[in-house]
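Dumped entry13.txt below, it's compact mmCIF, C-alpha atoms:
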```txt
# COMPACT_ATOMS: atom_id res chain seq x y z
CA MET F 1 -8.84 19.34 6.40
CA ALA F 2 -7.66 16.60 4.07
CA SER F 3 -6.45 19.12 1.48
CA GLU F 4 -4.00 20.53 4.02
CA ARG F 5 -2.48 17.12 4.57
CA SER F 6 -2.07 15.97 1.00
CA LYS F 7 1.72 16.44 0.89
CA SER F 8 2.30 13.14 2.64
CA ILE F 9 -0.10 11.44 0.20
CA ASP F 10 1.67 12.85 -2.86
CA VAL F 11 5.03 11.71 -1.48
CA PHE F 12 3.58 8.30 -0.60
CA ARG F 13 2.25 7.90 -4.15
CA GLY F 14 5.53 9.14 -5.59
CA LEU F 15 7.57 6.64 -3.59
CA THR F 16 5.27 3.88 -4.77
CA ILE F 17 5.53 4.82 -8.45
CA PHE F 18 9.31 5.20 -8.20
CA LEU F 19 9.72 1.71 -6.75
CA MET F 20 7.16 0.22 -9.13
CA ILE F 21 9.07 1.41 -12.19
CA VAL F 22 12.44 0.37 -10.76
CA VAL F 23 11.20 -3.13 -9.94
CA ASN F 24 9.61 -3.56 -13.38
CA THR F 25 12.61 -2.41 -15.43
CA MET F 26 15.73 -4.05 -13.99
CA GLY F 27 18.62 -3.87 -16.45
CA ALA F 28 19.68 -6.92 -18.46
CA GLY F 29 22.93 -8.80 -18.03
CA ALA F 30 22.76 -9.74 -14.36
CA GLN F 31 20.38 -11.06 -11.75
CA PRO F 32 18.80 -8.23 -9.70
CA TYR F 33 19.09 -8.05 -5.93
CA PRO F 34 16.69 -10.68 -4.52
CA VAL F 35 14.86 -8.08 -2.43
CA LEU F 36 13.85 -6.30 -5.67
CA VAL F 37 12.40 -9.45 -7.25
CA HIS F 38 8.92 -10.74 -6.45
CA ALA F 39 8.81 -13.80 -4.23
CA ASP F 40 8.52 -16.89 -6.43
CA TRP F 41 5.36 -18.07 -4.65
CA PHE F 42 5.41 -17.79 -0.88
CA GLY F 43 7.33 -15.13 1.02
CA PHE F 44 7.64 -11.36 0.94
CA THR F 45 10.11 -8.93 -0.65
CA ALA F 46 10.26 -5.18 -1.18
CA ALA F 47 9.03 -5.75 -4.74
CA ASP F 48 5.89 -7.40 -3.36
CA PHE F 49 5.15 -4.29 -1.30
CA VAL F 50 4.81 -1.93 -4.27
CA PHE F 51 1.50 -2.81 -5.93
CA PRO F 52 -0.56 -3.08 -2.72
CA SER F 53 0.88 0.29 -1.68
CA PHE F 54 -0.38 1.82 -4.91
CA LEU F 55 -3.85 0.43 -4.16
CA PHE F 56 -3.62 1.81 -0.62
CA ALA F 57 -2.69 5.26 -1.99
CA MET F 58 -5.64 5.11 -4.39
CA GLY F 59 -7.88 4.46 -1.39
CA CYS F 60 -6.45 7.54 0.34
CA SER F 61 -7.41 9.61 -2.70
CA LEU F 62 -11.02 8.48 -2.39
CA VAL F 63 -11.32 10.82 0.60
CA PHE F 64 -10.98 13.77 -1.77
CA VAL F 65 -13.31 12.24 -4.35
CA LEU F 66 -16.12 11.54 -1.91
CA ARG F 67 -15.94 15.00 -0.33
CA ARG F 68 -17.52 16.47 -3.44
CA PRO F 69 -21.31 16.65 -3.25
CA MET F 70 -22.68 14.31 -5.88
CA GLY F 71 -26.03 12.68 -6.55
CA ASN F 72 -26.26 8.92 -6.84
CA ARG F 73 -26.74 8.92 -10.60
CA GLU F 74 -23.77 11.20 -11.24
CA PHE F 75 -21.65 9.24 -8.77
CA LEU F 76 -22.43 5.88 -10.38
CA ILE F 77 -21.84 7.17 -13.92
CA LYS F 78 -18.47 8.69 -12.99
CA THR F 79 -17.37 5.66 -10.98
CA PHE F 80 -18.23 3.07 -13.63
CA LYS F 81 -16.87 5.30 -16.42
CA ARG F 82 -13.50 5.70 -14.68
CA ALA F 83 -13.28 1.98 -13.90
CA ALA F 84 -14.09 1.10 -17.52
CA LEU F 85 -11.48 3.57 -18.84
CA LEU F 86 -8.79 2.17 -16.54
CA PHE F 87 -9.65 -1.39 -17.56
CA LEU F 88 -9.59 -0.51 -21.26
CA LEU F 89 -6.23 1.26 -20.94
CA GLY F 90 -4.80 -1.78 -19.17
CA PHE F 91 -6.08 -4.11 -21.88
CA LEU F 92 -4.68 -1.91 -24.67
CA MET F 93 -1.38 -1.64 -22.81
CA TYR F 94 -0.87 -5.41 -23.04
CA TRP F 95 -1.98 -5.45 -26.68
CA PHE F 96 0.44 -2.61 -27.54
CA PRO F 97 2.34 -2.18 -29.85
CA PHE F 98 -0.25 -4.29 -31.69
CA VAL F 99 2.41 -5.94 -33.88
CA HIS F 100 5.29 -8.35 -33.30
CA LEU F 101 8.35 -9.47 -35.20
CA THR F 102 8.21 -12.99 -36.63
CA PRO F 103 11.30 -15.27 -36.80
CA ASP F 104 11.70 -14.41 -40.47
CA LEU F 105 11.85 -10.69 -39.53
CA HIS F 106 8.40 -9.71 -40.77
CA TRP F 107 5.81 -7.73 -38.86
CA ALA F 108 2.59 -9.50 -37.92
CA PRO F 109 -0.40 -8.21 -35.94
CA ASN F 110 -0.74 -9.31 -32.33
CA PRO F 111 -3.82 -11.56 -32.31
CA LEU F 112 -6.63 -10.27 -30.15
CA GLY F 113 -7.39 -13.85 -29.16
CA ASP F 114 -4.06 -14.13 -27.36
CA THR F 115 -4.12 -10.75 -25.62
CA ARG F 116 -4.04 -10.78 -21.84
CA ILE F 117 -7.34 -9.60 -20.36
CA MET F 118 -6.33 -8.97 -16.77
CA GLY F 119 -3.31 -7.02 -15.54
CA VAL F 120 -2.19 -4.28 -13.14
CA LEU F 121 -4.45 -1.50 -14.44
CA GLN F 122 -7.34 -3.94 -14.83
CA ARG F 123 -7.03 -4.96 -11.19
CA ILE F 124 -6.76 -1.31 -10.20
CA ALA F 125 -9.97 -0.63 -12.15
CA LEU F 126 -11.95 -3.43 -10.51
CA CYS F 127 -10.64 -2.68 -7.02
CA TYR F 128 -11.42 1.02 -7.51
CA LEU F 129 -14.97 0.17 -8.55
CA LEU F 130 -15.67 -2.17 -5.63
CA ALA F 131 -13.95 -0.03 -2.99
CA THR F 132 -15.62 3.20 -4.16
CA LEU F 133 -19.04 1.60 -3.95
CA MET F 134 -18.19 0.27 -0.49
CA VAL F 135 -17.07 3.57 1.00
CA ARG F 136 -19.91 5.49 -0.64
CA TYR F 137 -22.74 3.34 0.66
CA LEU F 138 -21.33 1.86 3.88
CA SER F 139 -20.36 3.49 7.14
CA PRO F 140 -16.69 3.21 8.22
CA ARG F 141 -17.57 0.42 10.65
CA GLN F 142 -19.45 -1.40 7.92
CA VAL F 143 -16.45 -0.98 5.60
CA VAL F 144 -14.26 -2.63 8.25
CA ALA F 145 -16.78 -5.46 8.61
CA ALA F 146 -16.96 -5.87 4.83
CA GLY F 147 -13.15 -5.99 4.65
CA ILE F 148 -13.00 -8.71 7.29
CA ALA F 149 -15.71 -10.64 5.44
CA LEU F 150 -13.81 -10.36 2.14
CA LEU F 151 -10.57 -11.62 3.68
CA GLY F 152 -12.28 -14.42 5.57
CA GLY F 153 -14.41 -15.39 2.60
CA TYR F 154 -11.41 -15.40 0.26
CA TRP F 155 -9.49 -17.67 2.63
CA ALA F 156 -12.48 -20.03 2.79
CA LEU F 157 -12.77 -20.11 -1.00
CA LEU F 158 -9.08 -20.94 -1.34
CA VAL F 159 -9.17 -23.69 1.28
CA PHE F 160 -12.51 -25.30 0.49
CA GLY F 161 -12.90 -24.45 -3.19
CA ALA F 162 -9.90 -26.36 -4.50
CA PRO F 163 -9.11 -30.09 -4.66
CA PRO F 164 -7.60 -31.50 -1.44
CA GLY F 165 -4.04 -30.27 -0.93
CA GLU F 166 -4.27 -27.74 -3.79
CA ALA F 167 -5.59 -24.71 -1.90
CA PHE F 168 -2.38 -22.70 -2.33
CA SER F 169 -0.99 -24.41 -5.41
CA LYS F 170 -0.23 -22.51 -8.59
CA ALA F 171 -2.23 -24.51 -11.10
CA HIS F 172 -5.18 -25.82 -9.12
CA ASN F 173 -6.14 -23.13 -6.60
CA ILE F 174 -9.71 -21.89 -7.00
CA GLY F 175 -8.59 -18.57 -8.49
CA SER F 176 -6.65 -20.28 -11.28
CA LEU F 177 -9.59 -22.58 -12.00
CA ILE F 178 -11.93 -19.58 -12.31
CA ASP F 179 -9.52 -17.65 -14.53
CA ARG F 180 -9.12 -20.54 -16.97
CA LEU F 181 -12.87 -21.14 -17.03
CA VAL F 182 -13.96 -17.50 -17.43
CA LEU F 183 -11.06 -15.89 -19.30
CA GLY F 184 -9.47 -18.83 -21.09
CA GLN F 185 -5.82 -19.88 -20.91
CA SER F 186 -4.86 -17.87 -24.01
CA HIS F 187 -5.94 -14.65 -22.29
CA LEU F 188 -3.88 -15.21 -19.13
CA TRP F 189 -0.34 -14.09 -18.25
CA PRO F 190 1.83 -15.99 -20.75
CA TYR F 191 4.67 -16.55 -18.28
CA ASP F 192 4.97 -18.23 -14.87
CA ASP F 193 3.47 -21.50 -16.15
CA GLY F 194 0.37 -19.66 -17.30
CA PHE F 195 -0.60 -18.46 -13.82
CA GLU F 196 -2.49 -15.14 -13.83
CA PRO F 197 -1.11 -13.01 -10.93
CA GLU F 198 -3.87 -10.40 -11.35
CA GLY F 199 -6.70 -12.90 -11.57
CA LEU F 200 -10.39 -12.30 -11.04
CA LEU F 201 -10.81 -13.81 -7.58
CA GLY F 202 -7.75 -12.05 -6.17
CA THR F 203 -9.53 -8.75 -6.83
CA LEU F 204 -11.63 -9.34 -3.71
CA PRO F 205 -8.82 -9.27 -1.11
CA ALA F 206 -6.98 -6.56 -3.11
CA THR F 207 -10.06 -4.35 -2.70
CA VAL F 208 -9.40 -4.39 1.04
CA ASN F 209 -6.07 -2.62 0.42
CA VAL F 210 -7.98 0.22 -1.25
CA ALA F 211 -10.63 0.38 1.47
CA ALA F 212 -7.91 0.40 4.15
CA GLY F 213 -6.24 3.37 2.46
CA TYR F 214 -9.53 5.24 2.51
CA LEU F 215 -10.16 4.51 6.20
CA THR F 216 -6.61 5.46 7.15
CA PHE F 217 -6.57 8.81 5.39
CA ARG F 218 -10.13 9.53 6.47
CA TYR F 219 -8.93 9.19 10.05
CA LEU F 220 -5.89 11.39 9.33
CA SER F 221 -8.03 14.08 7.74
CA ARG F 222 -10.59 14.18 10.55
CA ALA F 223 -8.52 13.61 13.69
CA ALA F 224 -6.28 16.27 15.14
CA LEU F 225 -2.83 16.09 13.61
CA ALA F 226 -1.18 15.28 16.93
CA PRO F 227 1.61 12.88 17.98
CA ARG F 228 -0.87 10.81 19.99
CA ASN F 229 -3.10 10.12 16.98
CA LEU F 230 -0.16 9.34 14.72
CA LEU F 231 1.22 6.97 17.34
CA LEU F 232 -2.17 5.25 17.57
CA LEU F 233 -2.17 4.87 13.80
CA SER F 234 1.35 3.44 13.81
CA LEU F 235 0.46 0.95 16.54
CA THR F 236 -2.54 -0.16 14.49
CA GLY F 237 -0.19 -0.84 11.61
CA VAL F 238 2.16 -2.80 13.85
CA VAL F 239 -0.72 -4.93 15.15
CA LEU F 240 -1.90 -5.72 11.63
CA ALA F 241 1.62 -6.70 10.54
CA VAL F 242 2.13 -8.90 13.61
CA VAL F 243 -1.23 -10.62 13.07
CA ALA F 244 -0.29 -11.25 9.42
CA LEU F 245 3.01 -12.85 10.39
CA GLY F 246 1.24 -14.93 13.02
CA LEU F 247 -1.21 -16.19 10.42
CA ASP F 248 1.55 -17.12 7.97
CA PRO F 249 1.66 -20.83 8.95
CA LEU F 250 -2.10 -21.08 8.30
CA ILE F 251 -2.43 -18.55 5.47
CA PRO F 252 0.95 -18.26 3.72
CA LEU F 253 2.15 -14.84 2.60
CA SER F 254 1.80 -14.77 -1.17
CA LYS F 255 1.61 -11.71 -3.39
CA LYS F 256 0.72 -13.78 -6.44
CA LEU F 257 -2.25 -15.34 -4.65
CA TRP F 258 -2.88 -12.06 -2.76
CA THR F 259 -3.63 -14.06 0.36
CA SER F 260 -5.43 -12.54 3.34
CA SER F 261 -2.23 -12.53 5.42
CA PHE F 262 -0.50 -10.64 2.58
CA VAL F 263 -3.23 -8.00 2.72
CA LEU F 264 -2.88 -7.55 6.47
CA LEU F 265 0.90 -7.27 6.27
CA THR F 266 0.94 -4.75 3.43
CA VAL F 267 -1.86 -2.66 4.94
CA GLY F 268 -0.03 -2.65 8.28
CA LEU F 269 3.23 -1.50 6.69
CA ASP F 270 1.43 1.15 4.61
CA VAL F 271 -0.34 2.52 7.67
CA ILE F 272 2.99 2.84 9.47
CA LEU F 273 4.66 4.49 6.47
CA LEU F 274 1.83 6.99 5.98
CA ALA F 275 1.82 7.86 9.69
CA VAL F 276 5.58 8.50 9.55
CA LEU F 277 5.23 10.70 6.46
CA ALA F 278 2.32 12.62 7.96
CA GLY F 279 4.27 13.16 11.16
CA GLY F 280 7.41 14.35 9.41
CA LEU F 281 5.94 16.34 6.53
CA ASP F 282 2.55 17.55 7.76
CA LEU F 283 3.00 17.81 11.54
CA LEU F 284 6.66 18.67 12.07
CA LYS F 285 7.06 20.15 8.56
CA LEU F 286 10.63 18.90 8.40
CA PRO F 287 12.69 20.59 5.66
CA VAL F 288 13.10 17.35 3.75
CA PRO F 289 13.54 17.74 -0.04
CA VAL F 290 10.61 15.63 -1.25
CA GLN F 291 9.58 17.47 -4.40
CA PHE F 292 11.16 14.70 -6.48
CA PHE F 293 8.54 12.24 -5.18
CA GLU F 294 5.74 14.81 -5.17
CA ILE F 295 6.19 15.24 -8.93
CA LEU F 296 5.74 11.50 -9.42
CA GLY F 297 2.77 11.52 -7.06
CA LYS F 298 0.91 14.23 -8.98
CA ASN F 299 0.45 12.10 -12.12
CA PRO F 300 1.00 8.52 -10.91
CA LEU F 301 -1.13 6.59 -13.40
CA VAL F 302 0.04 8.55 -16.44
CA ILE F 303 3.70 8.16 -15.49
CA TYR F 304 3.16 4.44 -14.88
CA LEU F 305 1.52 4.09 -18.30
CA PHE F 306 4.43 5.95 -19.91
CA SER F 307 6.92 3.62 -18.23
CA GLU F 308 5.05 0.52 -19.39
CA LEU F 309 4.50 1.63 -23.00
CA LEU F 310 8.04 2.88 -23.59
CA ILE F 311 9.55 -0.59 -23.11
CA PRO F 312 7.59 -2.33 -25.92
CA ALA F 313 7.93 0.80 -28.07
CA GLN F 314 11.73 0.72 -27.92
CA ALA F 315 11.66 -3.00 -28.71
CA LEU F 316 10.35 -2.12 -32.18
CA PHE F 317 13.86 -0.97 -33.07
CA LYS F 318 15.29 -4.47 -32.66
CA PRO F 319 15.29 -5.24 -36.43
CA LEU F 320 17.37 -2.13 -37.08
CA LEU F 321 19.85 -2.57 -34.24
CA GLY F 322 19.95 -6.34 -33.87
CA THR F 323 18.94 -6.05 -30.21
CA GLU F 324 16.52 -4.08 -28.08
CA PRO F 325 18.03 -0.68 -27.16
CA TYR F 326 17.22 -1.09 -23.46
CA GLN F 327 18.89 -4.51 -23.32
CA TRP F 328 21.94 -3.09 -25.11
CA VAL F 329 22.17 -0.23 -22.60
CA GLY F 330 21.83 -2.62 -19.67
CA ILE F 331 24.51 -5.02 -20.89
CA HIS F 332 27.00 -2.82 -22.71
CA LEU F 333 26.80 0.30 -20.57
CA PHE F 334 25.70 -0.43 -17.01
CA GLN F 335 27.11 -3.95 -16.78
CA HIS F 336 30.36 -2.70 -18.28
CA LEU F 337 30.61 0.07 -15.66
CA LEU F 338 29.24 -1.88 -12.68
CA PRO F 339 28.94 -5.62 -13.28
CA GLY F 340 26.33 -7.50 -11.28
CA PRO F 341 23.11 -6.54 -9.53
CA LEU F 342 24.23 -2.96 -8.84
CA GLY F 343 24.54 -2.30 -12.56
CA SER F 344 21.11 -3.81 -13.13
CA LEU F 345 19.65 -1.59 -10.40
CA LEU F 346 21.28 1.59 -11.70
CA CYS F 347 20.00 0.85 -15.18
CA ALA F 348 16.46 0.67 -13.76
CA VAL F 349 17.01 3.88 -11.79
CA ALA F 350 18.21 5.64 -14.96
CA TYR F 351 15.07 4.49 -16.77
CA THR F 352 12.94 5.67 -13.85
CA MET F 353 14.62 9.08 -14.04
CA LEU F 354 13.57 9.29 -17.69
CA CYS F 355 10.00 8.63 -16.60
CA TRP F 356 10.41 11.22 -13.84
CA LEU F 357 11.49 13.74 -16.47
CA PHE F 358 8.23 13.09 -18.32
CA GLY F 359 6.37 13.72 -15.06
CA TYR F 360 8.40 16.87 -14.45
CA VAL F 361 7.35 18.31 -17.83
CA LEU F 362 3.71 17.69 -16.92
CA TYR F 363 4.24 19.19 -13.46
CA GLU F 364 5.93 22.34 -14.80
CA ARG F 365 3.08 22.87 -17.25
CA ARG F 366 0.54 22.32 -14.45
CA ILE F 367 -0.91 19.32 -16.28
CA PHE F 368 -2.45 16.88 -13.83
CA ILE F 369 -4.27 14.05 -15.56
CA ARG F 370 -6.90 12.27 -13.52
CA LEU F 371 -7.92 9.09 -15.30
```
Write out the structure in this file as structure tokens.
Amino acid sequence: MASERSKSIDVFRGLTIFLMIVVNTMGAGAQPYPVLVHADWFGFTAADFVFPSFLFAMGCSLVFVLRRPMGNREFLIKTFKRAALLFLLGFLMYWFPFVHLTPDLHWAPNPLGDTRIMGVLQRIALCYLLATLMVRYLSPRQVVAAGIALLGGYWALLVFGAPPGEAFSKAHNIGSLIDRLVLGQSHLWPYDDGFEPEGLLGTLPATVNVAAGYLTFRYLSRAALAPRNLLLLSLTGVVLAVVALGLDPLIPLSKKLWTSSFVLLTVGLDVILLAVLAGGLDLLKLPVPVQFFEILGKNPLVIYLFSELLIPAQALFKPLLGTEPYQWVGIHLFQHLLPGPLGSLLCAVAYTMLCWLFGYVLYERRIFIRL
């Protein structure tokens, strides 16, 4: 049963959250290791692997959700309600702390008209909604066919929906054109030349990451937990990754565009990783100390929200201290002890441990929040 094999999923989610927080909170004062920084446009780094892995893990969790007997009306209400809540939380997260410090050191409200509409949680919400509807109403084979259609259709939209030579450009690809038209430039990511990395159109291929997680864990939960089946799963992942790399000259790997080749590569790597974890933790039951990651994996979204809200919250102390506390710690503590990228990394790890401590308190009190 799937419930007997959830340890690998909790560890998988925990690993993802750990890396997500580390990547997002590199200490100030030095350039991070390149592998922990998102590729500028084309290419692939460890940082690029984190978000699609979270979507994959969310798809795995859908196996538990859909096991519960539920009528169509109840299912639709719960699905749309959860998606709306996630989207709202993501929107409020970017609006938070609702005020900013002006150059003359006065507080002013953050204008709603300039608040980013899309973002990580917003993409999670939309992908959750689309993928949940897919796996509820389609057979596994139809889900695979729908995934192929989404990836192929997205590639076609990129190639044929943009001006000549602009298919994979930052400013003029079809996704950017849609985002500016529908959302407005003032509601997009204010950095990276105004490009929205979690744009509307990119939700379509990102949904495939969720659906792939569902199909993978569905297979794990139904097939015999045997070396042969885990090997078959691993080989499937290898094939997907090889196909993605082979497509790279035609469909460049790009996390920011969430290209179809990027989906295939990340799904392939996630399938391999989950098969390895299932083999080691669920099949062989190796005595590996993984509770650290299980704690993160029990409340992934809440811990992620905590990590994202704490950074702007601590920035409110800048008028009192003359600098943001986290920047001061990064420069005057970690860069003093270990100058360079290692100090930046250890600062992020220390911050992640603080977030882990928050998760540990929830875990010890048996508080598991399902948004």
Nearest to F:Pro339: which of F:Gly147, F:Gly27, F:Gly71, F:Pro197 is it, counting all atoms listed in the file?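 Closest to F:Pro339, using all atoms listed in the file: F:Gly27.
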What lies within 12 Å of stretch 280-287 of chain F using only C-alpha atoms, ignoring chain neighbours under 3 positions off, as a PyMOL selection string? chain F and resi 1-12+220-221+224-230+273-277+290-291+294
Output C-alpha atoms for every residue in that selection, as a PDB file, in the coordinates of the input.
```pdb
ATOM      1  CA  MET F   1      -8.840  19.340   6.400  1.00  0.00           C
ATOM      2  CA  ALA F   2      -7.660  16.600   4.070  1.00  0.00           C
ATOM      3  CA  SER F   3      -6.450  19.120   1.480  1.00  0.00           C
ATOM      4  CA  GLU F   4      -4.000  20.530   4.020  1.00  0.00           C
ATOM      5  CA  ARG F   5      -2.480  17.120   4.570  1.00  0.00           C
ATOM      6  CA  SER F   6      -2.070  15.970   1.000  1.00  0.00           C
ATOM      7  CA  LYS F   7       1.720  16.440   0.890  1.00  0.00           C
ATOM      8  CA  SER F   8       2.300  13.140   2.640  1.00  0.00           C
ATOM      9  CA  ILE F   9      -0.100  11.440   0.200  1.00  0.00           C
ATOM     10  CA  ASP F  10       1.670  12.850  -2.860  1.00  0.00           C
ATOM     11  CA  VAL F  11       5.030  11.710  -1.480  1.00  0.00           C
ATOM     12  CA  PHE F  12       3.580   8.300  -0.600  1.00  0.00           C
ATOM     13  CA  LEU F 220      -5.890  11.390   9.330  1.00  0.00           C
ATOM     14  CA  SER F 221      -8.030  14.080   7.740  1.00  0.00           C
ATOM     15  CA  ALA F 224      -6.280  16.270  15.140  1.00  0.00           C
ATOM     16  CA  LEU F 225      -2.830  16.090  13.610  1.00  0.00           C
ATOM     17  CA  ALA F 226      -1.180  15.280  16.930  1.00  0.00           C
ATOM     18  CA  PRO F 227       1.610  12.880  17.980  1.00  0.00           C
ATOM     19  CA  ARG F 228      -0.870  10.810  19.990  1.00  0.00           C
ATOM     20  CA  ASN F 229      -3.100  10.120  16.980  1.00  0.00           C
ATOM     21  CA  LEU F 230      -0.160   9.340  14.720  1.00  0.00           C
ATOM     22  CA  LEU F 273       4.660   4.490   6.470  1.00  0.00           C
ATOM     23  CA  LEU F 274       1.830   6.990   5.980  1.00  0.00           C
ATOM     24  CA  ALA F 275       1.820   7.860   9.690  1.00  0.00           C
ATOM     25  CA  VAL F 276       5.580   8.500   9.550  1.00  0.00           C
ATOM     26  CA  LEU F 277       5.230  10.700   6.460  1.00  0.00           C
ATOM     27  CA  VAL F 290      10.610  15.630  -1.250  1.00  0.00           C
ATOM     28  CA  GLN F 291       9.580  17.470  -4.400  1.00  0.00           C
ATOM     29  CA  GLU F 294       5.740  14.810  -5.170  1.00  0.00           C
TER      30      GLU F 294
END
```
Skip F:Asp114 itself and residues of its chain fewer than 2 positions away, then list as a PyMOL selection string all residues within 8 Å of it, counting all atoms listed in the file. chain F and resi 110-112+116+186-187
Could you give me, as a PyMOL selection string, the residues that have an atom at most 12 Å away from the point (16.7, -2.9, -28.5) in the coordinates of the file, using only C-alpha atoms? chain F and resi 28+310-332
As a PyMOL selection string, please: the residues near F:Leu250 (cut-off 10 Å, all atoms listed in the file, same-chain neighbours under 5 positions excluded). chain F and resi 155+245+261
Please indicate the distance in Å from atom CA of F:Tyr137 to atom CA of F:Met118, rounded to one decimal place.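 Calculated distance between atom CA of F:Tyr137 and atom CA of F:Met118 is 26.9 Å.
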Of the residues F:Thr236, F:Asn24, F:Asn173, F:Thr115, which is the one nearest to F:Lys256, using only C-alpha atoms?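 Counting only C-alpha atoms, the residue closest to F:Lys256 is F:Asn173.
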Figure out the distance between atom CA of F:Leu129 and atom CA of F:Lys255, please, to one decimal in Å. 21.0 Å
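With all atoms listed in the file as the atoms that count, the minimum distance from F:Arg67 to the choices F:Val135, F:Leu101, F:Ala156, F:Leu89 is reached by F:Val135.
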Using all atoms listed in the file, which residues sit within 12 Å of F:Phe49 once same-chain residues fewer than 4 positions away are excluded, as an NGL selection string? :F and (15-17 or 19-20 or 23 or 35-39 or 43-45 or 53-56 or 209 or 253-256 or 258 or 262-270 or 273)
For the atom pair atom CA of F:Ala348 and atom CA of F:Ala83, what is the interatomic distance in Å to one decimal place?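 Between these atoms lies a distance of 29.8 Å.
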Compare F:Leu204, F:Phe217, F:Leu158, F:Val238 by their minimum atom-to-atom distance to F:Ser176, counting all atoms listed in the file, and give me the closest one. F:Leu158
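Nearest-residue note for F:Arg218: choosing from F:Gly59, F:Gly279, F:Pro341, F:Pro300, the minimum distance belongs to F:Gly59, counting only C-alpha atoms.
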Looking at only C-alpha atoms, which of F:Ala125, F:Leu354, F:Val302, F:Leu309 is the one that sits closest to F:Tyr94?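 Closest candidate: F:Leu309.
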If we count only C-alpha atoms, what is near F:Leu150 at a cut-off of 8 Å, once residues fewer than 4 positions away on the same chain are taken out, given as a ChimeraX atom specification? /F:146,154,204-205,208
Selected residues written out, C-alpha atoms, as an mmCIF file, in the frame of the given file:
```cif
data_model
loop_
_atom_site.group_PDB
_atom_site.id
_atom_site.type_symbol
_atom_site.label_atom_id
_atom_site.label_comp_id
_atom_site.auth_asym_id
_atom_site.auth_seq_id
_atom_site.Cartn_x
_atom_site.Cartn_y
_atom_site.Cartn_z
ATOM 1 C CA ALA F 146 -16.960 -5.870 4.830
ATOM 2 C CA TYR F 154 -11.410 -15.400 0.260
ATOM 3 C CA LEU F 204 -11.630 -9.340 -3.710
ATOM 4 C CA PRO F 205 -8.820 -9.270 -1.110
ATOM 5 C CA VAL F 208 -9.400 -4.390 1.040
#
```
All file atoms of stretch 163-171 of chain F boxed axis-aligned, 3 Å per side, centre plus edges, as JSON:
```
{"center_x": -4.7, "center_y": -27.0, "center_z": -6.0, "size_x": 14.9, "size_y": 15.0, "size_z": 16.2}
```
Point (-5.2, 0.4, -14.3) neighbourhood (8 Å, all atoms listed in the file) written as a list in words: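 Here the neighbourhood of the point contains Leu86, Phe87, Leu89, Gly90, Gly119, Val120, Leu121, Gln122, Arg123, Ile124, Ala125 and Leu301 of chain F.
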